[in-house]
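query-v1.txt (compact mmCIF, C-alpha atoms) appears below.
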```txt
# COMPACT_ATOMS: atom_id res chain seq x y z
CA MET A 1467 1.45 2.91 -3.51
CA PRO A 1468 2.37 3.06 -7.22
CA THR A 1469 -0.51 3.17 -9.68
CA LEU A 1470 -0.69 2.17 -13.30
CA GLU A 1471 -3.31 3.59 -15.63
CA LEU A 1472 -4.08 1.75 -18.86
CA THR A 1473 -6.38 2.75 -21.68
CA ARG A 1474 -7.28 0.30 -24.41
CA THR A 1475 -9.28 0.84 -27.58
CA VAL A 1476 -11.24 -1.81 -29.43
CA THR A 1477 -11.67 -1.28 -33.15
CA VAL A 1478 -14.04 -3.39 -35.22
CA ALA A 1479 -13.55 -3.20 -38.97
CA LEU A 1480 -16.27 -4.29 -41.34
CA ASP A 1481 -15.09 -5.28 -44.80
CA GLU A 1482 -18.59 -5.23 -46.18
CA LEU A 1483 -22.14 -4.55 -45.20
CA VAL A 1484 -23.24 -7.31 -42.82
CA GLY A 1485 -26.48 -8.39 -41.30
CA ILE A 1486 -27.61 -8.08 -37.70
CA ASP A 1487 -26.91 -11.76 -37.02
CA ASP A 1488 -23.26 -11.26 -38.12
CA LEU A 1489 -22.96 -8.25 -35.80
CA GLU A 1490 -24.44 -10.24 -32.92
CA ARG A 1491 -21.99 -13.10 -33.55
CA ALA A 1492 -19.09 -10.63 -33.62
CA ALA A 1493 -20.28 -8.97 -30.41
CA VAL A 1494 -20.57 -12.33 -28.62
CA GLU A 1495 -17.07 -13.32 -29.80
CA LEU A 1496 -15.70 -9.96 -28.63
CA ALA A 1497 -17.38 -10.36 -25.23
CA ARG A 1498 -15.92 -13.87 -24.95
CA THR A 1499 -12.32 -13.01 -25.92
CA ALA A 1500 -11.83 -9.36 -24.95
CA PRO A 1501 -11.73 -9.74 -21.14
CA ALA A 1502 -8.82 -12.22 -21.27
CA ALA A 1503 -6.92 -10.03 -23.75
CA LEU A 1504 -7.48 -6.93 -21.61
CA ILE A 1505 -6.38 -8.72 -18.44
CA ALA A 1506 -3.25 -10.06 -20.22
CA SER A 1507 -2.44 -6.57 -21.46
CA ALA A 1508 -2.81 -5.11 -17.96
CA ILE A 1509 -0.67 -7.85 -16.38
CA GLU A 1510 2.07 -7.41 -19.01
CA ALA A 1511 2.10 -3.64 -18.44
CA MET A 1512 2.31 -4.05 -14.65
CA VAL A 1513 5.12 -6.62 -14.87
CA ALA A 1514 7.04 -4.41 -17.33
CA GLU A 1515 6.68 -1.44 -14.97
CA LEU A 1516 7.85 -3.52 -12.01
CA VAL A 1517 10.89 -4.85 -13.88
CA THR A 1518 11.78 -1.31 -14.96
CA GLU A 1519 11.41 -0.11 -11.36
CA VAL A 1520 13.75 -2.83 -10.04
CA CYS A 1521 16.25 -3.23 -12.90
CA GLY A 1522 16.11 0.22 -14.47
CA PRO A 1523 15.11 1.22 -18.00
CA PHE A 1524 16.15 -1.06 -20.86
CA GLY A 1525 19.76 -0.29 -21.81
CA MET A 1526 20.39 1.72 -18.62
CA PRO A 1527 20.49 -0.82 -15.76
CA VAL A 1528 20.56 0.37 -12.17
CA THR A 1529 23.70 -0.60 -10.23
CA ASP A 1530 23.28 -3.47 -7.76
CA GLU A 1531 23.69 -1.04 -4.86
CA GLY A 1532 21.13 1.35 -6.36
CA GLN A 1533 18.45 -1.27 -6.89
CA ILE A 1534 15.41 -1.34 -4.70
CA THR A 1535 14.67 -4.63 -2.96
CA ALA A 1536 12.72 -6.76 -5.43
CA PRO A 1537 9.39 -8.27 -4.40
CA TRP A 1538 10.77 -11.60 -5.62
CA ALA A 1539 13.89 -13.60 -4.75
CA CYS A 1540 16.32 -15.65 -6.82
CA PRO A 1541 15.18 -19.29 -6.57
CA GLU A 1542 18.81 -20.44 -6.39
CA CYS A 1543 20.53 -18.05 -3.94
CA GLY A 1544 17.61 -16.18 -2.35
CA SER A 1545 19.01 -12.74 -3.26
CA ARG A 1546 16.50 -9.88 -3.65
CA GLN A 1547 18.90 -7.55 -5.47
CA GLY A 1548 21.29 -7.70 -8.42
CA PHE A 1549 18.80 -8.52 -11.15
CA ARG A 1550 19.35 -7.72 -14.84
CA ARG A 1551 17.27 -8.10 -17.97
CA ARG A 1552 18.18 -10.97 -20.32
CA GLY A 1553 18.21 -8.80 -23.42
CA THR A 1554 14.99 -9.01 -25.37
CA GLN A 1555 14.12 -12.59 -24.37
CA VAL A 1556 10.52 -13.12 -23.29
CA ARG A 1557 8.86 -15.87 -21.34
CA GLN A 1558 5.36 -17.03 -22.20
CA ARG A 1559 3.03 -18.01 -19.39
CA GLY A 1560 -0.54 -19.20 -19.30
CA LEU A 1561 -3.05 -18.49 -16.57
CA THR A 1562 -6.50 -19.94 -16.16
CA SER A 1563 -9.14 -17.55 -14.87
CA GLN A 1564 -12.89 -17.11 -14.81
CA VAL A 1565 -12.71 -15.29 -18.14
CA GLY A 1566 -10.77 -18.14 -19.74
CA GLN A 1567 -7.15 -18.85 -20.61
CA ILE A 1568 -4.88 -15.80 -20.39
CA LYS A 1569 -1.57 -15.79 -22.26
CA VAL A 1570 1.01 -13.44 -20.76
CA ALA A 1571 4.50 -12.59 -22.07
CA SER A 1572 7.08 -10.97 -19.79
CA LYS A 1573 10.74 -10.01 -20.18
CA MET A 1574 13.19 -12.46 -18.66
CA ILE A 1575 15.61 -11.35 -15.95
CA TYR A 1576 18.50 -13.07 -14.19
CA CYS A 1577 20.23 -12.79 -10.83
CA ARG A 1578 23.77 -11.46 -11.10
CA SER A 1579 24.66 -12.76 -7.61
CA HIS A 1580 23.72 -16.31 -8.59
CA LYS A 1581 25.30 -16.02 -12.05
CA ASP A 1582 28.57 -14.74 -10.55
CA GLN A 1583 28.60 -17.64 -8.06
CA VAL A 1584 27.93 -20.20 -10.81
CA LEU A 1585 30.73 -18.71 -12.94
CA ALA A 1586 33.11 -18.75 -9.96
CA ASP A 1587 32.24 -22.41 -9.25
CA LEU A 1588 32.81 -23.32 -12.91
CA THR A 1589 36.14 -21.49 -12.99
CA ALA A 1590 37.26 -23.20 -9.78
CA ALA A 1591 36.19 -26.61 -11.11
CA ARG A 1592 38.14 -26.08 -14.34
CA SER A 1593 41.31 -25.02 -12.49
CA ARG A 1594 41.37 -28.14 -10.28
CA PRO A 1595 43.46 -31.03 -11.54
CA PRO A 1596 41.43 -34.06 -12.58
CA PRO A 1597 41.03 -36.75 -9.93
CA ALA A 1598 43.72 -39.41 -9.95
CA THR A 1599 42.67 -42.80 -11.23
CA ASP A 1600 44.38 -45.89 -9.90
```
I need this file expressed as structure tokens, please.
Amino acid sequence: MPTLELTRTVTVALDELVGIDDLERAAVELARTAPAALIASAIEAMVAELVTEVCGPFGMPVTDEGQITAPWACPECGSRQGFRRRGTQVRQRGLTSQVGQIKVASKMIYCRSHKDQVLADLTAARSRPPPATD
């Protein structure tokens, strides 16, 4: 089973000397917001690793035949192989959890099998003569 190890650092900068009540407020705010940010960071890293495993490193895609079977399927054609990254486009998602709202961004991918079929259908539709009108 693949493993992913993440290390995160939290840095708190103080612009000036503050009182204990300000430090307590900052600590409470950190405790309230940090878990969601850490979970989002871990999810983004895992999704990025999974996309790299299936599609190959950015700029060096794996051939369709060389791809491993993806743990997801194309919603249109059901294919589990032939996926490619959509450049640098990202998709924003929101999840609700016990630690609050988690905002996650992941790279977008597309199914080449479905895209090729859509392009073939469009080409065939364009080459047909228009229906006769009486």
_Please compute the CA of Val1570 in chain A-CA of Ile1509 in chain A distance, one decimal, in Å._
7.3 Å
Please, which residues in range 1545-1577 of chain A fall within 10 Å of range 1490-1499 of chain A when counting all atoms listed in the file, and what is the closest atom pair and distance in Å to one decimal for each, ordered by chain then residue number, as a tab-separated table?
```
residue	atom	partner	partner_atom	distance
A:Val1565	CA	A:Arg1498	CA	7.7
A:Gly1566	CA	A:Thr1499	CA	8.2
A:Gln1567	CA	A:Thr1499	CA	9.4
A:Ile1568	CA	A:Thr1499	CA	9.7
```
_Between A:Asp1487, A:Glu1519, A:Glu1471, A:Asp1481, which residue has the minimum interatomic distance to Thr1535 in chain A, considering only C-alpha atoms?_
A:Glu1519
*asked:* Would you compute the distance between CA of Met1526 in chain A and CA of Arg1550 in chain A? Give it in Å to one decimal.
replied: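 One can read the CA of Met1526 in chain A to CA of Arg1550 in chain A distance as 10.2 Å.
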_For Cys1521 in chain A, find every residue with an atom within 8 Å (counting only C-alpha atoms), except residues of its own chain fewer than 3 positions away, and show them as an MDAnalysis selection string._
chainID A and resid 1517:1518 1527:1528 1533 1549:1551
*Rank nothing, just name the residue among A:Ala1506, A:Leu1489, A:Cys1577, A:Ala1500 nearest to Gly1560 in chain A, using only C-alpha atoms.*
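Among A:Ala1506, A:Leu1489, A:Cys1577, A:Ala1500, it is A:Ala1506 that comes nearest to Gly1560 in chain A.
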*When you draw a straight line from CA of Ala1511 in chain A to CA of Ser1545 in chain A, how long is it in Å?*
24.5 Å
*Give the answer as one residue: which of A:Ser1507, A:Thr1477, A:Thr1529, A:Ser1572 has the shortest atom-to-atom distance to Thr1554 in chain A, using only C-alpha atoms?*
A:Ser1572
*Looking at only C-alpha atoms, which of A:Arg1474, A:Glu1515, A:Ala1503, A:Glu1510 is the one that sits closest to Ser1563 in chain A?*
A:Ala1503
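Distance check against Glu1542 in chain A using only C-alpha atoms: of A:Ser1579, A:Ala1508, A:Ala1502, A:Lys1569, the minimum falls on A:Ser1579.
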*Name the closest residue to Gln1564 in chain A among the candidates A:Pro1501, A:Leu1516, A:Glu1531, A:Gly1525; distances are taken between atoms, counting only C-alpha atoms.*
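Closest candidate: A:Pro1501.
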